[in-house]
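Student: Have a peek at target-v6.txt (compact mmCIF, C-alpha atoms and all ligand atoms).
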```txt
# COMPACT_ATOMS: atom_id res chain seq x y z
CA MET S 667 23.78 2.42 -2.62
CA THR S 668 23.34 0.44 0.54
CA ASP S 669 21.64 3.07 2.62
CA SER S 670 18.84 1.63 4.66
CA GLN S 671 15.72 3.69 4.97
CA ALA S 672 13.82 4.73 8.03
CA LEU S 673 10.56 2.86 8.32
CA VAL S 674 8.08 5.63 7.52
CA LYS S 675 4.44 4.95 6.83
CA THR S 676 1.64 7.16 5.68
CA LEU S 677 -1.61 5.96 7.21
CA ASP S 678 -4.76 7.00 5.36
CA PHE S 679 -8.07 7.42 7.16
CA GLN S 680 -11.53 8.66 6.49
CA LEU S 681 -12.39 11.47 8.80
CA ASP S 682 -15.82 11.20 10.35
CA ILE S 683 -16.39 14.78 11.48
CA GLN S 684 -18.53 14.91 14.59
CA SER S 685 -18.27 18.56 15.55
CA ASP S 686 -20.79 19.59 12.88
CA ASN S 687 -18.44 22.11 11.26
CA GLU S 688 -17.13 20.37 8.18
CA SER S 689 -17.31 23.69 6.35
CA LEU S 690 -14.62 25.01 8.70
CA LEU S 691 -12.24 22.33 7.45
CA ARG S 692 -13.16 23.16 3.86
CA ASP S 693 -12.42 26.81 4.49
CA ALA S 694 -9.08 25.89 6.01
CA CYS S 695 -8.20 23.78 2.95
CA LEU S 696 -9.09 26.73 0.72
CA GLU S 697 -6.90 28.94 2.89
CA SER S 698 -4.17 26.34 2.52
CA ARG S 699 -4.52 26.74 -1.25
CA SER S 700 -4.00 30.48 -1.04
CA VAL S 701 -0.95 29.98 1.19
CA TYR S 702 0.44 27.57 -1.39
CA ASN S 703 -0.31 29.96 -4.26
CA GLU S 704 1.20 32.94 -2.49
CA THR S 705 4.37 30.99 -1.68
CA ILE S 706 4.81 29.91 -5.29
CA ARG S 707 4.08 33.43 -6.53
CA LEU S 708 6.71 34.98 -4.24
CA ALA S 709 9.27 32.31 -5.15
CA LYS S 710 8.69 32.99 -8.84
CA GLN S 711 9.18 36.70 -8.16
CA GLY S 712 12.62 35.90 -6.80
CA VAL S 713 11.88 36.68 -3.17
CA ASP S 714 14.47 35.11 -0.83
CA TRP S 715 13.06 31.75 0.24
CA ASP S 716 14.05 32.35 3.86
CA ALA S 717 11.85 35.43 3.95
CA ILE S 718 8.80 33.76 2.43
CA PRO S 719 7.45 31.87 5.48
CA ASP S 720 7.07 35.01 7.59
CA ARG S 721 5.64 37.09 4.78
CA VAL S 722 3.00 34.49 3.98
CA ALA S 723 2.19 33.70 7.60
CA ASP S 724 1.32 37.30 8.38
CA ASP S 725 -1.65 37.22 6.03
CA ALA S 726 -2.78 33.64 6.45
CA ASN S 727 -5.78 32.80 8.56
CA LEU S 728 -4.31 29.50 9.78
CA VAL S 729 -2.42 28.29 12.83
CA LYS S 730 1.11 29.59 12.34
CA ASN S 731 3.02 26.33 12.23
CA THR S 732 0.39 24.86 9.92
CA THR S 733 1.03 27.75 7.54
CA GLN S 734 4.74 26.99 7.77
CA ARG S 735 4.17 23.35 6.86
CA VAL S 736 2.17 24.34 3.78
CA VAL S 737 4.81 26.90 2.78
CA ALA S 738 7.51 24.24 3.16
CA LYS S 739 5.56 21.88 0.93
CA ALA S 740 5.15 24.57 -1.74
CA LEU S 741 8.86 25.37 -1.64
CA GLY S 742 9.54 21.65 -1.92
CA ALA S 743 7.51 21.63 -5.13
CA MET S 744 9.59 24.55 -6.44
CA GLU S 745 12.80 22.78 -5.53
CA ASN S 746 11.66 19.67 -7.40
CA HIS S 747 11.00 21.84 -10.37
CA TYR S 748 14.53 23.22 -10.36
CA GLU S 749 16.15 19.85 -9.78
CA TYR S 750 14.25 17.99 -12.46
CA ASP S 751 13.83 20.21 -15.48
CA ASP S 752 11.05 18.23 -17.04
CA PHE S 753 8.71 18.93 -14.16
CA GLY S 754 6.34 21.73 -15.05
CA GLN S 755 6.68 24.84 -12.96
CA PRO S 756 4.18 24.70 -10.08
CA SER S 757 1.10 26.80 -10.67
CA HIS S 758 0.10 29.65 -8.37
CA THR S 759 -3.29 30.22 -9.96
CA LYS S 760 -5.17 27.00 -9.25
CA ASP S 761 -8.12 27.17 -6.93
CA GLY S 762 -9.98 24.65 -4.82
CA ALA S 763 -8.98 22.85 -1.65
CA TYR S 764 -5.34 22.05 -0.91
CA PRO S 765 -4.22 19.62 1.82
CA LEU S 766 -3.88 21.22 5.23
CA ARG S 767 -0.55 19.99 6.52
CA ALA S 768 -0.16 20.13 10.28
CA ASN S 769 2.33 19.23 13.01
CA TYR S 770 1.31 16.66 15.58
CA GLU S 771 0.32 18.24 18.90
CA GLU S 772 0.43 21.68 17.29
CA GLY S 773 -1.87 21.77 14.29
CA TYR S 774 -3.66 18.55 15.13
CA ASN S 775 -3.98 16.10 17.97
CA LEU S 776 -5.04 12.49 18.38
CA SER S 777 -6.45 10.60 21.34
CA LEU S 778 -7.92 7.21 22.11
CA THR S 779 -11.57 7.18 23.11
CA ASP S 780 -13.13 4.85 25.68
CA ASP S 781 -14.61 2.87 22.80
CA GLY S 782 -11.16 2.23 21.39
CA ASP S 783 -11.58 4.65 18.50
CA VAL S 784 -9.00 7.23 17.52
CA ALA S 785 -10.36 10.74 17.93
CA VAL S 786 -8.79 13.66 16.13
CA ARG S 787 -8.82 17.38 16.77
CA ILE S 788 -7.61 19.67 14.01
CA SER S 789 -6.89 23.33 14.60
CA ALA S 790 -8.41 24.38 11.32
CA LYS S 791 -8.24 28.05 12.18
CA PRO S 792 -6.69 29.77 15.20
CA TYR S 793 -8.80 28.72 18.21
CA LYS S 794 -11.28 26.89 16.02
CA HIS S 795 -11.27 23.13 15.96
CA VAL S 796 -12.73 20.35 13.89
CA LYS S 797 -13.32 17.17 15.85
CA GLY S 798 -13.94 13.70 14.54
CA VAL S 799 -13.11 10.04 14.57
CA LEU S 800 -10.76 8.21 12.22
CA GLN S 801 -12.11 5.32 10.19
CA GLY S 802 -10.38 3.01 7.80
CA ASP S 803 -8.30 -0.06 7.31
CA ASP S 804 -7.70 -2.16 10.42
CA ALA S 805 -4.02 -2.41 9.57
CA HIS S 806 -3.65 1.36 9.59
CA LEU S 807 -5.67 1.83 12.75
CA ASP S 808 -3.62 -0.83 14.49
CA ILE S 809 -0.33 0.85 13.66
CA LEU S 810 -1.63 4.17 14.85
CA LYS S 811 -2.83 2.69 18.12
CA THR S 812 0.53 0.97 18.54
CA ALA S 813 2.25 4.28 17.90
CA PHE S 814 0.40 5.79 20.87
CA GLU S 815 1.76 3.25 23.28
CA SER S 816 5.21 2.56 21.92
CA ASP S 817 8.35 4.67 22.17
CA GLU S 818 9.47 2.98 18.99
CA TRP S 819 7.09 5.08 16.95
CA ASN S 820 6.90 8.80 16.31
CA ILE S 821 3.70 10.36 15.07
CA GLY S 822 4.59 13.09 12.60
CA THR S 823 2.83 15.55 10.35
CA ALA S 824 -0.62 14.86 8.97
CA GLU S 825 -2.60 16.20 6.04
CA ALA S 826 -6.31 16.88 6.19
CA LEU S 827 -7.86 16.91 2.74
CA PHE S 828 -10.96 16.20 0.71
CA HIS S 829 -10.96 13.21 -1.58
CA ASN S 830 -14.02 12.76 -3.80
CA GLY S 831 -15.82 15.16 -1.50
CA ASN S 832 -15.00 13.18 1.66
CA ALA S 833 -12.75 14.40 4.43
CA GLU S 834 -9.59 12.36 5.00
CA LEU S 835 -6.62 12.50 7.30
CA HIS S 836 -3.25 11.09 6.21
CA VAL S 837 -0.88 10.61 9.12
CA ASN S 838 2.89 10.04 8.86
CA VAL S 839 4.46 7.73 11.40
CA THR S 840 8.12 6.78 11.72
CA ASN S 841 9.57 3.75 13.40
CA THR S 842 12.66 4.99 15.20
CA GLU S 843 14.30 1.62 15.79
CA GLN S 844 13.84 -0.29 12.59
CA THR S 845 15.06 0.33 9.10
CA VAL S 846 14.29 -1.25 5.76
CA ARG S 847 17.30 -2.46 3.77
CA ASP S 848 17.91 -0.75 0.43
CA LYS S 849 16.23 -2.91 -2.21
CA GLN S 850 19.33 -2.72 -4.43
CA ASP S 851 21.31 -4.41 -1.68
CA SER S 852 19.59 -7.82 -2.03
CA ARG S 853 20.89 -11.33 -2.70
CA THR S 854 17.57 -13.05 -3.29
CA VAL S 855 14.62 -11.71 -5.27
CA VAL S 856 11.19 -13.20 -4.60
CA GLY S 857 8.61 -12.80 -7.38
CA VAL S 858 5.02 -12.77 -6.12
CA ASP S 859 2.20 -13.59 -8.55
CA VAL S 860 -1.19 -12.86 -7.00
CA ASN S 861 -4.22 -14.69 -8.40
CA GLU S 862 -7.85 -15.18 -7.57
CA ASP S 863 -7.33 -18.38 -5.62
CA ASN S 864 -3.61 -18.59 -5.00
CA VAL S 865 -0.35 -16.74 -4.78
CA ALA S 866 2.76 -18.17 -6.45
CA LEU S 867 6.25 -17.40 -5.13
CA THR S 868 9.68 -17.97 -6.65
CA ALA S 869 12.95 -17.03 -4.99
CA LEU S 870 15.83 -16.38 -7.41
CA SER S 871 19.45 -15.76 -6.51
CA GLU S 872 22.54 -15.52 -8.67
CA ASP S 873 22.76 -19.32 -8.42
CA GLY S 874 19.29 -20.00 -9.78
CA VAL S 875 15.93 -20.89 -8.23
CA GLU S 876 16.25 -21.18 -4.45
CA ASP S 877 12.70 -22.38 -3.90
CA THR S 878 9.13 -22.04 -5.13
CA LEU S 879 5.79 -22.19 -3.36
CA VAL S 880 2.13 -21.86 -4.32
CA ILE S 881 -0.22 -20.90 -1.51
CA ASP S 882 -3.77 -21.89 -2.41
CA PHE S 883 -6.66 -20.05 -0.84
CA PRO S 884 -9.79 -21.33 -2.60
CA GLU S 885 -11.94 -20.37 0.37
CA ILE S 886 -11.54 -16.67 -0.39
CA LYS S 887 -12.96 -17.13 -3.86
CA PHE S 888 -15.64 -19.46 -2.53
CA GLU S 889 -16.75 -17.11 0.25
CA ARG S 890 -16.78 -14.09 -2.03
CA HIS S 891 -19.07 -15.89 -4.43
CA ARG S 892 -21.28 -17.04 -1.58
CA TYR S 893 -21.59 -13.53 -0.14
CA PHE S 894 -22.22 -12.16 -3.59
CA THR S 895 -25.21 -14.49 -4.03
CA MET S 896 -26.56 -13.68 -0.57
CA ARG S 897 -26.22 -9.96 -1.13
CA LYS S 898 -28.03 -10.18 -4.45
CA ARG S 899 -30.87 -12.07 -2.81
CA VAL S 900 -31.48 -9.54 -0.02
CA GLN S 901 -31.00 -6.64 -2.41
CA ASN S 902 -33.75 -8.01 -4.62
CA VAL S 903 -36.19 -7.90 -1.72
CA GLY S 904 -35.04 -4.41 -0.75
CA LYS S 905 -33.27 -5.21 2.50
CA GLU S 906 -30.45 -2.72 2.19
CA SER S 907 -29.35 -2.89 5.83
CA ILE S 908 -28.84 -6.65 5.63
CA HIS S 909 -27.04 -6.11 2.37
CA ASP S 910 -24.63 -3.71 4.07
CA THR S 911 -24.11 -6.08 6.99
CA LEU S 912 -23.23 -8.89 4.62
CA GLU S 913 -20.84 -6.63 2.77
CA GLY S 914 -19.11 -5.78 6.04
CA ARG S 915 -18.79 -9.46 6.94
CA GLU S 916 -17.42 -10.35 3.57
CA GLU S 917 -14.89 -7.56 3.80
CA ARG S 918 -13.75 -8.68 7.26
CA PHE S 919 -13.49 -12.27 6.11
CA VAL S 920 -11.41 -11.40 3.06
CA ARG S 921 -9.18 -9.00 4.95
CA ASP S 922 -8.56 -11.53 7.67
CA ARG S 923 -7.54 -14.16 5.14
CA LEU S 924 -5.35 -11.78 3.18
CA HIS S 925 -3.56 -10.82 6.38
CA LYS S 926 -2.85 -14.49 7.06
CA VAL S 927 -1.63 -15.12 3.52
CA SER S 928 0.60 -12.05 3.61
CA ARG S 929 2.10 -13.18 6.92
CA HIS S 930 2.81 -16.56 5.36
CA ILE S 931 4.56 -14.94 2.38
CA VAL S 932 6.81 -12.81 4.59
CA GLU S 933 7.65 -15.75 6.81
CA TRP S 934 8.64 -17.80 3.76
CA CYS S 935 10.83 -14.96 2.41
CA ARG S 936 12.76 -14.63 5.66
CA GLN S 937 14.60 -17.90 5.09
CA PHE S 938 16.57 -16.43 2.17
CA GLU S 939 19.72 -14.34 2.19
CA LYS S 940 18.90 -10.61 1.92
CA PRO S 941 15.52 -11.01 0.25
CA CYS S 942 13.65 -8.40 -1.78
CA ILE S 943 9.96 -8.96 -2.55
CA VAL S 944 8.80 -8.02 -6.06
CA PHE S 945 5.21 -7.34 -7.09
CA GLU S 946 3.51 -6.47 -10.32
CA ASP S 947 2.45 -2.84 -10.29
CA LEU S 948 -1.17 -3.39 -11.21
CA LYS S 949 -2.07 0.26 -11.34
CA GLU S 950 0.13 0.58 -14.41
CA MET S 951 -2.12 -1.87 -16.15
CA ARG S 952 -5.39 -0.03 -16.29
CA ASP S 953 -4.43 2.53 -18.87
CA SER S 954 -2.07 0.20 -20.60
CA ILE S 955 -2.43 -2.13 -23.53
CA ASP S 956 -4.59 -5.22 -23.66
CA TYR S 957 -3.33 -7.74 -21.16
CA GLY S 958 -6.03 -10.24 -21.97
CA THR S 959 -8.92 -11.58 -20.04
CA ARG S 960 -6.75 -13.15 -17.36
CA MET S 961 -5.47 -9.77 -16.22
CA ASN S 962 -8.89 -8.17 -16.41
CA ARG S 963 -10.29 -10.94 -14.30
CA ARG S 964 -7.49 -10.60 -11.81
CA LEU S 965 -8.08 -6.88 -11.48
CA HIS S 966 -11.73 -7.31 -10.60
CA HIS S 967 -11.81 -10.48 -8.62
CA LEU S 968 -9.60 -9.95 -5.66
CA PRO S 969 -8.33 -7.00 -3.69
CA PHE S 970 -4.83 -7.65 -5.03
CA ARG S 971 -3.51 -4.36 -3.97
CA ALA S 972 -4.62 -5.06 -0.42
CA LEU S 973 -2.63 -8.30 -0.40
CA GLN S 974 0.38 -6.56 -1.88
CA TYR S 975 0.08 -3.76 0.62
CA TYR S 976 -0.31 -6.08 3.63
CA THR S 977 2.69 -8.12 2.49
CA SER S 978 4.89 -5.12 1.78
CA TYR S 979 3.93 -3.62 5.08
CA LYS S 980 4.64 -6.74 7.12
CA ALA S 981 7.90 -7.27 5.22
CA SER S 982 9.08 -3.80 6.14
CA PHE S 983 8.79 -4.78 9.79
CA GLU S 984 11.33 -7.48 9.07
CA GLY S 985 13.58 -4.99 7.29
CA ILE S 986 12.72 -6.60 3.94
CA PRO S 987 12.35 -4.17 1.02
CA THR S 988 9.68 -4.33 -1.70
CA ALA S 989 10.06 -3.49 -5.40
CA TRP S 990 7.52 -3.11 -8.19
CA ILE S 991 7.70 -4.05 -11.84
CA ASN S 992 5.53 -3.55 -14.92
CA PRO S 993 3.26 -6.61 -15.31
CA GLU S 994 3.47 -6.71 -19.09
CA TYR S 995 3.87 -10.28 -20.46
CA THR S 996 4.70 -11.83 -17.08
CA SER S 997 2.12 -14.56 -17.71
CA GLN S 998 3.01 -15.22 -21.35
CA ARG S 999 6.80 -15.40 -21.22
CA CYS S 1000 8.51 -18.79 -20.99
CA PRO S 1001 10.63 -18.71 -17.82
CA ILE S 1002 13.20 -21.06 -19.39
CA CYS S 1003 13.82 -19.78 -22.93
CA GLY S 1004 12.16 -16.37 -22.78
CA TYR S 1005 9.83 -17.00 -25.75
CA THR S 1006 6.71 -14.88 -25.30
CA GLU S 1007 3.30 -15.64 -26.77
CA ARG S 1008 -0.19 -15.62 -25.32
CA ALA S 1009 -0.80 -19.14 -26.65
CA ASN S 1010 1.92 -20.41 -24.31
CA ARG S 1011 -0.63 -20.30 -21.56
CA ASN S 1012 -3.86 -22.19 -21.16
CA LYS S 1013 -5.42 -21.40 -17.79
CA LYS S 1014 -3.30 -23.06 -15.11
CA ARG S 1015 -1.13 -24.92 -17.62
CA PHE S 1016 1.86 -23.36 -19.30
CA ARG S 1017 3.39 -24.98 -22.36
CA CYS S 1018 6.04 -23.10 -24.30
CA ARG S 1019 5.43 -23.11 -28.05
CA SER S 1020 9.14 -22.78 -28.62
CA CYS S 1021 11.05 -25.04 -26.22
CA GLY S 1022 8.21 -27.21 -24.94
CA HIS S 1023 8.72 -26.32 -21.27
CA GLN S 1024 5.63 -27.20 -19.21
CA ASP S 1025 4.67 -25.97 -15.78
CA HIS S 1026 2.06 -24.53 -13.46
CA SER S 1027 1.45 -21.20 -15.18
CA ASP S 1028 1.22 -19.04 -12.06
CA CYS S 1029 4.57 -20.36 -10.96
CA GLY S 1030 6.15 -19.41 -14.27
CA ALA S 1031 4.68 -15.94 -13.88
CA SER S 1032 6.33 -15.59 -10.48
CA VAL S 1033 9.69 -16.55 -12.05
CA ASN S 1034 9.21 -13.84 -14.67
CA ILE S 1035 8.34 -11.30 -12.00
CA ALA S 1036 11.52 -12.18 -10.09
CA VAL S 1037 13.56 -11.94 -13.32
CA LYS S 1038 12.22 -8.44 -13.98
CA GLY S 1039 12.91 -7.55 -10.37
CA ILE S 1040 16.58 -8.51 -10.82
CA GLU S 1041 16.87 -6.71 -14.15
CA ASN S 1042 15.35 -3.52 -12.82
CA HIS S 1043 16.72 -3.30 -9.31
CA GLN S 1044 19.86 -5.42 -8.84
CA ASP S 1045 23.40 -5.08 -10.13
CA TRP S 1046 23.89 -8.85 -10.47
CA ASN S 1047 22.86 -11.02 -13.41
CA VAL S 1048 19.72 -13.07 -13.93
CA PRO S 1049 20.79 -16.72 -13.51
CA ALA S 1050 20.46 -19.07 -16.48
CA LEU S 1051 17.52 -21.41 -15.88
CA ASN S 1052 17.58 -24.89 -17.39
CA SER S 1053 14.75 -26.34 -15.38
CA LEU S 1054 12.46 -25.33 -12.56
CA PRO S 1055 11.89 -27.28 -9.36
CA THR S 1056 8.61 -29.14 -8.92
CA VAL S 1057 5.95 -26.82 -7.62
CA ARG S 1058 5.18 -27.27 -3.97
CA LYS S 1059 1.64 -26.41 -2.97
CA VAL S 1060 0.30 -25.40 0.39
CA ARG S 1061 -3.36 -25.06 1.05
CA ARG S 1062 -4.73 -22.78 3.69
CA GLN S 1063 -7.83 -24.02 5.39
CA ALA S 1064 -10.75 -22.19 6.89
CA SER S 1065 -9.54 -22.95 10.40
CA GLY S 1066 -6.40 -20.93 9.81
CA ALA S 1067 -2.82 -21.68 9.00
CA VAL S 1068 -1.96 -25.23 8.08
CA ASP S 1069 1.76 -24.94 8.34
CA ALA S 1070 2.50 -21.27 8.50
CA PRO S 1071 4.41 -20.04 11.48
CA THR S 1072 3.16 -16.78 12.87
CA VAL S 1073 5.30 -13.70 12.68
CA THR S 1074 5.96 -12.76 16.27
CA HIS S 1075 8.13 -9.72 16.16
CA PRO S 1076 7.51 -7.47 19.15
CA THR S 1077 6.70 -4.43 17.03
CA VAL S 1078 3.88 -6.17 15.29
CA ARG S 1079 2.22 -6.85 18.60
CA GLY S 1080 -0.66 -4.49 18.02
CA TYR S 1081 -0.83 -5.54 14.46
CA GLN S 1082 -1.30 -9.19 15.29
CA ALA S 1083 -4.66 -8.30 16.60
CA ASP S 1084 -6.06 -8.50 13.08
CA GLY S 1085 -7.45 -11.89 14.03
CA ARG S 1086 -9.70 -10.33 16.62
CA VAL S 1087 -12.41 -9.51 14.12
CA GLY S 1088 -14.24 -12.76 14.04
CA VAL S 1089 -14.33 -14.39 10.68
CA SER S 1090 -17.48 -16.37 11.27
CA ASP S 1091 -19.65 -13.77 12.96
ZN ZN S 1101 10.39 -21.90 -23.71
```
Please rewrite the model in this file as structure tokens.

Tutor:
Amino acid sequence: MTDSQALVKTLDFQLDIQSDNESLLRDACLESRSVYNETIRLAKQGVDWDAIPDRVADDANLVKNTTQRVVAKALGAMENHYEYDDFGQPSHTKDGAYPLRANYEEGYNLSLTDDGDVAVRISAKPYKHVKGVLQGDDAHLDILKTAFESDEWNIGTAEALFHNGNAELHVNVTNTEQTVRDKQDSRTVVGVDVNEDNVALTALSEDGVEDTLVIDFPEIKFERHRYFTMRKRVQNVGKESIHDTLEGREERFVRDRLHKVSRHIVEWCRQFEKPCIVFEDLKEMRDSIDYGTRMNRRLHHLPFRALQYYTSYKASFEGIPTAWINPEYTSQRCPICGYTERANRNKKRFRCRSCGHQDHSDCGASVNIAVKGIENHQDWNVPALNSLPTVRKVRRQASGAVDAPTVTHPTVRGYQADGRVGVSD
């Protein structure tokens, strides 16, 4: 119940293959599929699981310990099937590529290049290598580079795979010194409502609302619109390279700001007793019922998941757990009396049709998110709320943090470098 978890991260990268033998990696992923299929087939036949790795390895045209990793993953799928009856039995007849799972320094290796890139070498087949460079999110690259230098991190297994036809490498890293507290062992639950131009936070404990905060970031919305207009203009005159440059700048600007906002959120959460951060699980929304234009707008207007990810990631460095809830009705429910109707909300104003409660609507949404977080993940009761504190607003300005302290934990040293990409280049 109160077990803390090791801080394990899976870092996802695009794999820019530079050794001109991408087909070798494809072949290896197909071979990985046949290893998987053969393992499942033997397990279904009732062959002793301890005997399976050697039997499969003899026929596989892969590096031996890579074969063993794939076999172990297949047996893991079988074990899941037996433990949870409603899982379908794994298939041994599918075809197509399957992730090539490899041990660090055995099936694959990483190194830093003189340019500061991370180079990868995958032993796709015995004595045959695929070489390339990892590309992707700055946050992920920074952790990986930190892992090279720091004894605090272990680089673990990786999976090479094809996603939408593109090669990717997913690397597992473990922080050996830090742990993340079990989310069920929390005393304060912080609901985070992410919007196009702000993020609203409410901290709830058993005693009621501990504090609320709205962090405004209108410049992100403003800059995105500005870049959008500029990109359209150059696109219309056929200047694709300028278009791509602008897109890159916009992306760096937005990422940089989201990193700062996420750092601010985590810093604010640290003041509370045993905090747990709760987000809306936006991926549940797409296939779900009609959440109204507000939700649709939110989905398309800001990289919400990036902000959630950055926050969750930075929080884990502080040992703070993250939980996710279904976003249904979080913006329509009255945080005081619970009455739920879409008409309760009119843009930024919330007025309950039942009890008359009025408030900043994003703030009410963050209360509802915290309430769901308590209901779903804590064994203590949601406090009765008679009133909510006045909303405190903080605006972030283009020059950086107005009042936000910077998180300066030693392990985030490499990570702090996210400011190094200039925001006004
Ligand atoms: Zn009400």

Student: Please extract the residues at most 8 Å from ligand ZN 1101 (chain S), counting all atoms listed in the file, and provide them as a PyMOL selection string, using the chain letters and residue numbers of this document.

Tutor: chain S and resi 999-1005+1017-1023

Student: Residues of the last selection are to be written out with C-alpha atoms, as a PDB file, keeping the file's coordinate frame.

Tutor:
```pdb
ATOM      1  CA  ARG S 999       6.800 -15.400 -21.220  1.00  0.00           C
ATOM      2  CA  CYS S1000       8.510 -18.790 -20.990  1.00  0.00           C
ATOM      3  CA  PRO S1001      10.630 -18.710 -17.820  1.00  0.00           C
ATOM      4  CA  ILE S1002      13.200 -21.060 -19.390  1.00  0.00           C
ATOM      5  CA  CYS S1003      13.820 -19.780 -22.930  1.00  0.00           C
ATOM      6  CA  GLY S1004      12.160 -16.370 -22.780  1.00  0.00           C
ATOM      7  CA  TYR S1005       9.830 -17.000 -25.750  1.00  0.00           C
ATOM      8  CA  ARG S1017       3.390 -24.980 -22.360  1.00  0.00           C
ATOM      9  CA  CYS S1018       6.040 -23.100 -24.300  1.00  0.00           C
ATOM     10  CA  ARG S1019       5.430 -23.110 -28.050  1.00  0.00           C
ATOM     11  CA  SER S1020       9.140 -22.780 -28.620  1.00  0.00           C
ATOM     12  CA  CYS S1021      11.050 -25.040 -26.220  1.00  0.00           C
ATOM     13  CA  GLY S1022       8.210 -27.210 -24.940  1.00  0.00           C
ATOM     14  CA  HIS S1023       8.720 -26.320 -21.270  1.00  0.00           C
TER      15      HIS S1023
END
```

Student: Would you mind reading off the distance between CA of Thr895 (chain S) and CA of Thr911 (chain S), one decimal, in Å?

Tutor: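 Spanning CA of Thr895 (chain S) to CA of Thr911 (chain S) is a straight-line distance of 13.9 Å.
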
Student: In Å to one decimal, how far is CA of Asp922 (chain S) from CA of Glu818 (chain S)?

Tutor: 25.8 Å

Student: Write out as number ranges by chain each polymer residue whose atoms come within 8 Å of Thr840 (chain S), counting all atoms listed in the file; drop sequence neighbours fewer than 4 positions from it.

Tutor: S: 672-675, 819-822

Student: Just to confirm, what's the straight-line distance from CA of Asn832 (chain S) to CA of Ser789 (chain S) in Å (one decimal)?

Tutor: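 Going from CA of Asn832 (chain S) over to CA of Ser789 (chain S), I get 18.3 Å.
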
Student: Show me a table, sorted first by chain and then by increasing residue number, of the residues of region 903-945 of chain S having an atom at most 10 Å from region 1025-1046 of chain S, each with its shortest atom pair and the distance in Å to one decimal, counting only C-alpha atoms and written as JSON lines.

Tutor:
```
{"residue": "S:Cys942", "atom": "CA", "partner": "S:Gly1039", "partner_atom": "CA", "distance": 8.7}
{"residue": "S:Ile943", "atom": "CA", "partner": "S:Ala1036", "partner_atom": "CA", "distance": 8.3}
{"residue": "S:Val944", "atom": "CA", "partner": "S:Gly1039", "partner_atom": "CA", "distance": 6.0}
{"residue": "S:Phe945", "atom": "CA", "partner": "S:Ile1035", "partner_atom": "CA", "distance": 7.0}
```

Student: Hey, could you pull the box centre and edge lengths for region 1028-1046 of chain S, axis-aligned, 8 Å padding per side, all listed atoms, to one decimal in Å, as lines of an AutoDock Vina configuration file?

Tutor:
```
center_x = 12.6
center_y = -11.8
center_z = -11.8
size_x = 38.7
size_y = 33.1
size_z = 21.8
```

Student: Looking at only C-alpha atoms, which of S:Val736, S:Ile986, S:Ala866, S:Ile718 is the one that sits closest to Gln671 (chain S)?

Tutor: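 Nearest candidate to Gln671 (chain S) out of S:Val736, S:Ile986, S:Ala866, S:Ile718: S:Ile986.
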
Student: Rank S:Ile706, S:Ala726, S:Leu778, S:Val932 by their smallest atom-to-atom distance to Gln755 (chain S), using all atoms listed in the file, and report the top residue only.

Tutor: S:Ile706

Student: Which residues are near region 731-733 of chain S? Cut-off 9 Å, only C-alpha atoms, ignore same chain within fewer than 6 positions. Put them as a list in words.

Tutor: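 So the residues in contact are Ser698, Val701, Tyr702, Pro719, Val722, Ala723, Leu766, Arg767, Ala768, Asn769, Glu772, Gly773, Ser789 and Ala790 of chain S.
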
Student: Using only C-alpha atoms, can you list as a VMD selection string the residues within 12 Å of (-1.7, -11.5, -4.8)?

Tutor: chain S and resid 857 to 867 880 to 883 886 923 to 925 927 to 928 931 944 to 948 964 to 965 967 to 978 1028 1031 to 1032

Student: Out of S:Glu916, S:Asp783, S:Asp848, S:Asp804, which residue has the shortest atom-to-atom distance to Phe888 (chain S) when counting all atoms listed in the file?

Tutor: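 Of all the options, S:Glu916 lies closest to Phe888 (chain S).
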
Student: Would you mind telling me which residue in S:Ser700, S:Glu913, S:Gln998, S:Ile683 lies nearest to Arg787 (chain S) when using all atoms listed in the file?

Tutor: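 Result for the nearest residue to Arg787 (chain S): S:Ile683.
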
Student: Please, which residues are within 7 Å of (18.7, -5.2, 3.6) by the file's coordinates, counting all atoms listed in the file, and could they come as a PyMOL selection string?

Tutor: chain S and resi 670+846-849+851-852+940+985-987

Student: Here is a test: counting only C-alpha atoms, which residue of S:Trp715, S:Ala833, S:Pro1049, S:Ala743 is nearest to Asp873 (chain S)?

Tutor: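 Of S:Trp715, S:Ala833, S:Pro1049, S:Ala743, the one nearest Asp873 (chain S) is S:Pro1049, counting only C-alpha atoms.
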
Student: When you look at Ser777 (chain S) with a cut-off of 8 Å (counting only C-alpha atoms), what residues show up, excluding the ones that are within fewer than 6 positions of it in the same chain? I need them as a VMD selection string.

Tutor: chain S and resid 784 to 786

Student: Print the selection's residues with C-alpha atoms to a file, as a PDB file, in the coordinates of the input.

Tutor:
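Saved to selection.pdb:
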```pdb
ATOM      1  CA  VAL S 784      -9.000   7.230  17.520  1.00  0.00           C
ATOM      2  CA  ALA S 785     -10.360  10.740  17.930  1.00  0.00           C
ATOM      3  CA  VAL S 786      -8.790  13.660  16.130  1.00  0.00           C
TER       4      VAL S 786
END
```
